[in-house]
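Novice: Dumping the structure here so I can ask a few things about it.
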Amino acid sequence: MRFPIKIIIFTICVVAIAIASLLFVINIKNISITDEKLRFGSVDLMDTAKICINRNGFPHITANNENDLFFAVGYLHAKERLWQMDISRRAGRGELSEIFGKEALNYDMFLRALNLSSTVAETKDVLSKKSLAILEAYTKGINFYIKSNKNKLSFEFGALDYFPQEWRVEDCLIINKMMAFELSFGFYYDITFGEIAASIGKERAKLFVPGYPDESPFVLDDAVKVRDYKIKEIDTSKVDSIDYAAYKDYSIEFNGFSDYIHSLRKFLSVDGSSIGSNCWARRKTANPSSPAILANDPHLSLGLPARWIPMHITSPEINAIGFMLPGLPLIISGRNDNIAWGITNLMLDDCDYFIEKIDNSGKYYFNQDSSKREINFVIDTIKIKNSSPHIYYKRFTERGQIISDAHIFNSNLKDMSKKQADAYLKKNALTYRWIGNSANDDILSMYKIGIARNWSEFTNATDSWSAPALNFTYADKKGNIGIAPSGYVPIRDVNCEPNFPNNAYEKHTGWMSIAKSGVFPKIFNPSKDFVASANNKTGGGVQQYLTAYWEVPSRAERIEELIMAPEEYTVRDAQYMQNDYLSLYAKKIFTYIIPTIDKHIHLLNKEEKEAYTLLKNWDFVLTQNSVAASIYSVFIGAYLYNTFHDELGSGYYYKYLLMSNLALRKLMEISANADHKLFDDVSTESRERRNYIIFKSFKEAIKKCKDLFQTADMKTWRWGQIHQLTLKHRFSESNFMRKMVTVGPFEVGGNSTTINNTEYRISESYEMIVGASMRFIADMGDSFVYISMPGGVSGDPLSSSYSNLVQIWLNGGYLKIPFSKLPKDDFEKILTLEPKLSE
């Protein structure tokens, strides 16, 4: 991100003031309102609402009616996270260039092609009276804060020299849709596979889409499957017979579009492929009526401000505690007086691209019956900071907007002829279908979940959820547990391939409809006495195609292994599980690695034998201090490279690794076949097999470790030395602001295959990019909840509540928060909102 001189000068002033006034800032001007005891009046309030916080900044809002409750929620969200909320709504509307300048222009064009402004306008029209009332009260609270604090807004507004626009109901809906976009992998994965197919052929590209092992856990399994980790070899007579001679049977003209999507995701800080969650529920004892414990930890890209706001909200109608997203007024993971709930990403492939064939005039596209349809042109204007507005045409077919224009079509109205002519002469264009463009009242679903008293009311709420598709996990005081997968599902025609762009001009390649209900079965009180989901396969006999983009099943397997162990299950057990660093993926792949190296140990030098001994005796726990974890992690990178790079080439190989969940699953899948053709190096005349690739990769890994750690002393090869987390703010790229807004680095353990997910980019460095964005545990037989998060309640770097929970989160600790309708003694009332006759 580039910063103009005006911002740099402002930043110097900010830093100087911060240094000179540090003690005063910490103790007096606590932006998270820790020390404020204020009373404000608003005509939009019916009665008094109170905001109380404890010493860690955790808020409890009480009100005598829902209108005042959600008004106060809006006020507090704005006070703590207004800039974060503003960036989210600007992203959804494609208005980032207005504050960041030209560098955001192409991103805005893509984001506008998602058509969210139109979608949320339609969504607002279908909102129930209850949903509209909630959002209107919340919106009024946000705007009351903005109006009352024009000169006290967070520093980002001043640094970027702008003032926030009035909040609207549609902005809440935009933020909900942006959550759906973040969890939709199809936007990146499908176009990447399309580019790979254009390079090596579609049939060969399909080899890189992994299956899902039948013996691994499914979300809707009633019983636990029997698994072992002994070496398994598949029948070599079933080796894939596809001809590996280079050929092309598939062509798209959007090479580089996947890079553009990846760049956008990084710009929006929603990077990573292990974006999902863990969630499970188990009764405390074997007694069927024993209260249940629920644990949830969503895995998202990490940064500052934190992704969530923890909160307790109480009125006569609702009493719930848990986590909210800034910009949405309802608890997404939490508990009320009767039930607890959590979420995981179902991993639904809810997006498909379509290749449109454009005629030579550029004014028409071809339909499936070979007839011509007219392209619809709509003019649009993007405001750009310190520059003239960008005026351009958006093009539409019957499927939707041509999304590839954001990449290849950057026309300006005053210079339309040449650039537009060039675009018109393109033979192909890319459109898309996405479930996120469906209008639905997900706000009502969230609200009804928050007040549900039993399984029936809970599933009545989840059944109407649209996007993103989620696994909703349930637990209650009576010992009932269950999972209700929910979300709209595309019904694809017979020739529609979900993992590749489809030719829109060919028959039966589109979506026939969208299934809004009846797709997913549910699981309730299964015989295995627990329920769990970790972005693993849904199962349950679902008839419709869902996805190939499941996560590596090792997290789900490890959850099963641990949750069944104790006779009596406690909160401490759940906490231990959420922080677990043991990788069953490593354990399983070792059944191929260790015998291979053992067989050829005489070919190792002394140094390599020492490393092998460490690896062989490893317990598969990736702690920060583990040397074996470092050797294993470097080895896996080499194993992936030596297996897939020769087939894909550098460009597509590194794109494939950005889908690390697929690459790791595929590696495990083919490792069961020592003669699989993907192990053969196509650049050599000889035929390579798995064992050769493993042995070669091991030797390369030891050499790389010496280079990486800059020493041959293996005792110093600690995993935490290279695997670290730095929590960055959007302004962390500024040399002047970095120290003020950035927290870390911290050594971490684990990887993307451990319950405590700490994903890193295999193709780049070992820096952690995805992790538990919060942890929540509810014991339904107790009156407390347990939470932690990598950040704090406040979004202001000068607040003591900006990052005060990071160390607790890093060290596996939790805040124990009482769940009572009235704030306990350790909560202090800091703000009272009360009615006012007139402004």
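A note on labels: chains of the structure tokens are A, B, ... as shown, every chain counts residues from 1, and ligands are counted from 1 in their shown order.
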Excluding same-chain residues fewer than 6 positions from range 771-778 of chain A, what lies within 6 Å of it counting only C-alpha atoms, as a list in words?
Specialist: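 Those residues are Ile293, Leu294, Ala295, Asn296, Asp297, Pro298, His299, Leu300, Asn757, Thr758, Val785, Tyr786, Ile787, Ser788 and Met789 of chain A.
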Novice: When DSSP works through the backbone of this structure, what residues of range 77-309 of chain A end up as strand (DSSP E), shown as a list of chain:residue names?
Specialist: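 Secondary structure check on range 77-309 of chain A, strand (DSSP E): A:Gly276, A:Ser277, A:Asn278, A:Cys279, A:Trp280, A:Ala281, A:Arg282, A:Arg283, A:Ala292, A:Ile293, A:Leu294, A:Ala295, A:Asn296, A:Asp297, A:Pro298, A:His299, A:Leu300, A:Ser301, A:Ile309.
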Novice: Using the selection just defined, write its residues with C-alpha atoms as a compact mmCIF listing (two decimals), in the first residue's frame.
Specialist:
```txt
# COMPACT_ATOMS: atom_id res chain seq x y z
CA GLY A 276 -12.91 -23.15 8.01
CA SER A 277 -13.48 -24.15 11.62
CA ASN A 278 -13.70 -26.83 14.25
CA CYS A 279 -16.88 -27.38 16.20
CA TRP A 280 -17.99 -30.27 18.34
CA ALA A 281 -20.41 -31.13 21.13
CA ARG A 282 -20.41 -33.94 23.67
CA ARG A 283 -22.34 -34.79 26.79
CA ALA A 292 -23.54 -31.02 26.84
CA ILE A 293 -20.38 -29.03 26.19
CA LEU A 294 -19.91 -27.23 22.88
CA ALA A 295 -16.60 -25.94 21.52
CA ASN A 296 -16.09 -23.78 18.43
CA ASP A 297 -13.02 -22.14 16.86
CA PRO A 298 -13.45 -20.61 13.38
CA HIS A 299 -10.25 -20.53 11.28
CA LEU A 300 -9.79 -17.30 9.37
CA SER A 301 -6.96 -15.05 8.21
CA ILE A 309 -16.33 -8.83 18.92
```
Novice: Can you work out the spacing between CA of Ala469 in chain A and CA of Ser486 in chain A in Å, to one decimal?
Specialist: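 So the two atoms, CA of Ala469 in chain A and CA of Ser486 in chain A, lie 5.6 Å apart.
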Novice: Find the residue from A:Asn440, A:Thr381, A:Ser361, A:Asn338 that sits nearest to Ala121 in chain A; use only C-alpha atoms when measuring.
Specialist: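 Closest to Ala121 in chain A of all the choices is A:Asn440.
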Novice: Which polymer residues have any atom within 10 Å of an atom of Ser765 in chain A, counting only C-alpha atoms, with same-chain residues fewer than 6 positions away left out, as a tab-separated table (two decimals) with N, CA, C and O atoms, in the first residue's frame?
Specialist:
```tsv
chain	number	residue	atom	x	y	z
A	722	ILE	N	10.99	-20.68	12.77
A	722	ILE	CA	10.60	-20.29	11.41
A	722	ILE	C	9.09	-20.18	11.24
A	722	ILE	O	8.61	-19.52	10.32
A	723	HIS	N	8.34	-20.81	12.13
A	723	HIS	CA	6.87	-20.79	12.04
A	723	HIS	C	6.36	-19.79	13.06
A	723	HIS	O	6.28	-20.08	14.26
A	724	GLN	N	6.02	-18.58	12.58
A	724	GLN	CA	5.68	-17.50	13.50
A	724	GLN	C	4.45	-16.75	13.00
A	724	GLN	O	4.10	-16.79	11.82
```
Novice: Find the residues near Ala429 in chain A: any atom within 8 Å, counting only C-alpha atoms, skip ones fewer than 2 places away on the same chain, and give them as a PyMOL selection string.
Specialist: chain A and resi 355-358+402-405+426-427+431
Novice: Of the residues A:Phe695, A:Phe100, A:Tyr212, A:Phe40, which is the one nearest to Lys147 in chain A, using only C-alpha atoms?
Specialist: A:Phe40
Novice: Have a look at CA of Val126 in chain A and CA of Asp441 in chain A and let me know their distance in Å, one decimal.
Specialist: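 CA of Val126 in chain A sits 6.5 Å away from CA of Asp441 in chain A.
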Novice: Given the choices A:Tyr447, A:Phe218, A:Tyr260, A:Phe784, which gets closest to Asn536 in chain A if the distance is worked out from only C-alpha atoms?
Specialist: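 Among the listed residues, the smallest separation from Asn536 in chain A belongs to A:Phe218.
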Novice: For range 580-586 of chain A, find every residue with an atom within 6 Å (counting only C-alpha atoms), except residues of its own chain fewer than 5 positions away, and show them as a list in words.
Specialist: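 After dropping sequence-adjacent residues, the list is Ser554, Phe620, Val621, Leu622, Gly750, Thr753, Thr754, Ile755 and Asn756 of chain A.
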Novice: Output N, CA, C and O atoms for every residue in that selection, as a compact mmCIF listing (two decimals), in the first residue's frame.
Specialist:
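The resulting file, part16.txt, is shown below:
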```txt
# COMPACT_ATOMS: atom_id res chain seq x y z
N SER A 554 -7.60 -34.90 8.70
CA SER A 554 -6.87 -35.23 9.92
C SER A 554 -7.40 -34.49 11.15
O SER A 554 -7.37 -35.02 12.26
N PHE A 620 4.81 -36.80 16.36
CA PHE A 620 3.87 -36.14 15.45
C PHE A 620 3.23 -34.88 16.04
O PHE A 620 2.25 -34.38 15.52
N VAL A 621 3.81 -34.38 17.13
CA VAL A 621 3.33 -33.15 17.75
C VAL A 621 4.22 -31.99 17.28
O VAL A 621 5.43 -31.99 17.52
N LEU A 622 3.61 -31.01 16.63
CA LEU A 622 4.37 -29.89 16.06
C LEU A 622 4.46 -28.75 17.07
O LEU A 622 3.86 -27.69 16.91
N GLY A 750 2.13 -26.30 15.41
CA GLY A 750 1.05 -26.77 14.57
C GLY A 750 1.25 -26.50 13.09
O GLY A 750 2.27 -25.99 12.64
N THR A 753 -2.96 -29.11 9.41
CA THR A 753 -3.55 -30.43 9.63
C THR A 753 -3.76 -30.74 11.11
O THR A 753 -4.18 -31.84 11.45
N THR A 754 -3.45 -29.80 11.99
CA THR A 754 -3.67 -30.00 13.42
C THR A 754 -4.96 -29.30 13.84
O THR A 754 -5.39 -28.34 13.22
N ILE A 755 -5.57 -29.79 14.92
CA ILE A 755 -6.80 -29.16 15.41
C ILE A 755 -6.56 -27.67 15.63
O ILE A 755 -7.37 -26.84 15.21
N ASN A 756 -5.46 -27.34 16.28
CA ASN A 756 -5.06 -25.94 16.41
C ASN A 756 -4.42 -25.54 15.08
O ASN A 756 -3.21 -25.63 14.89
```
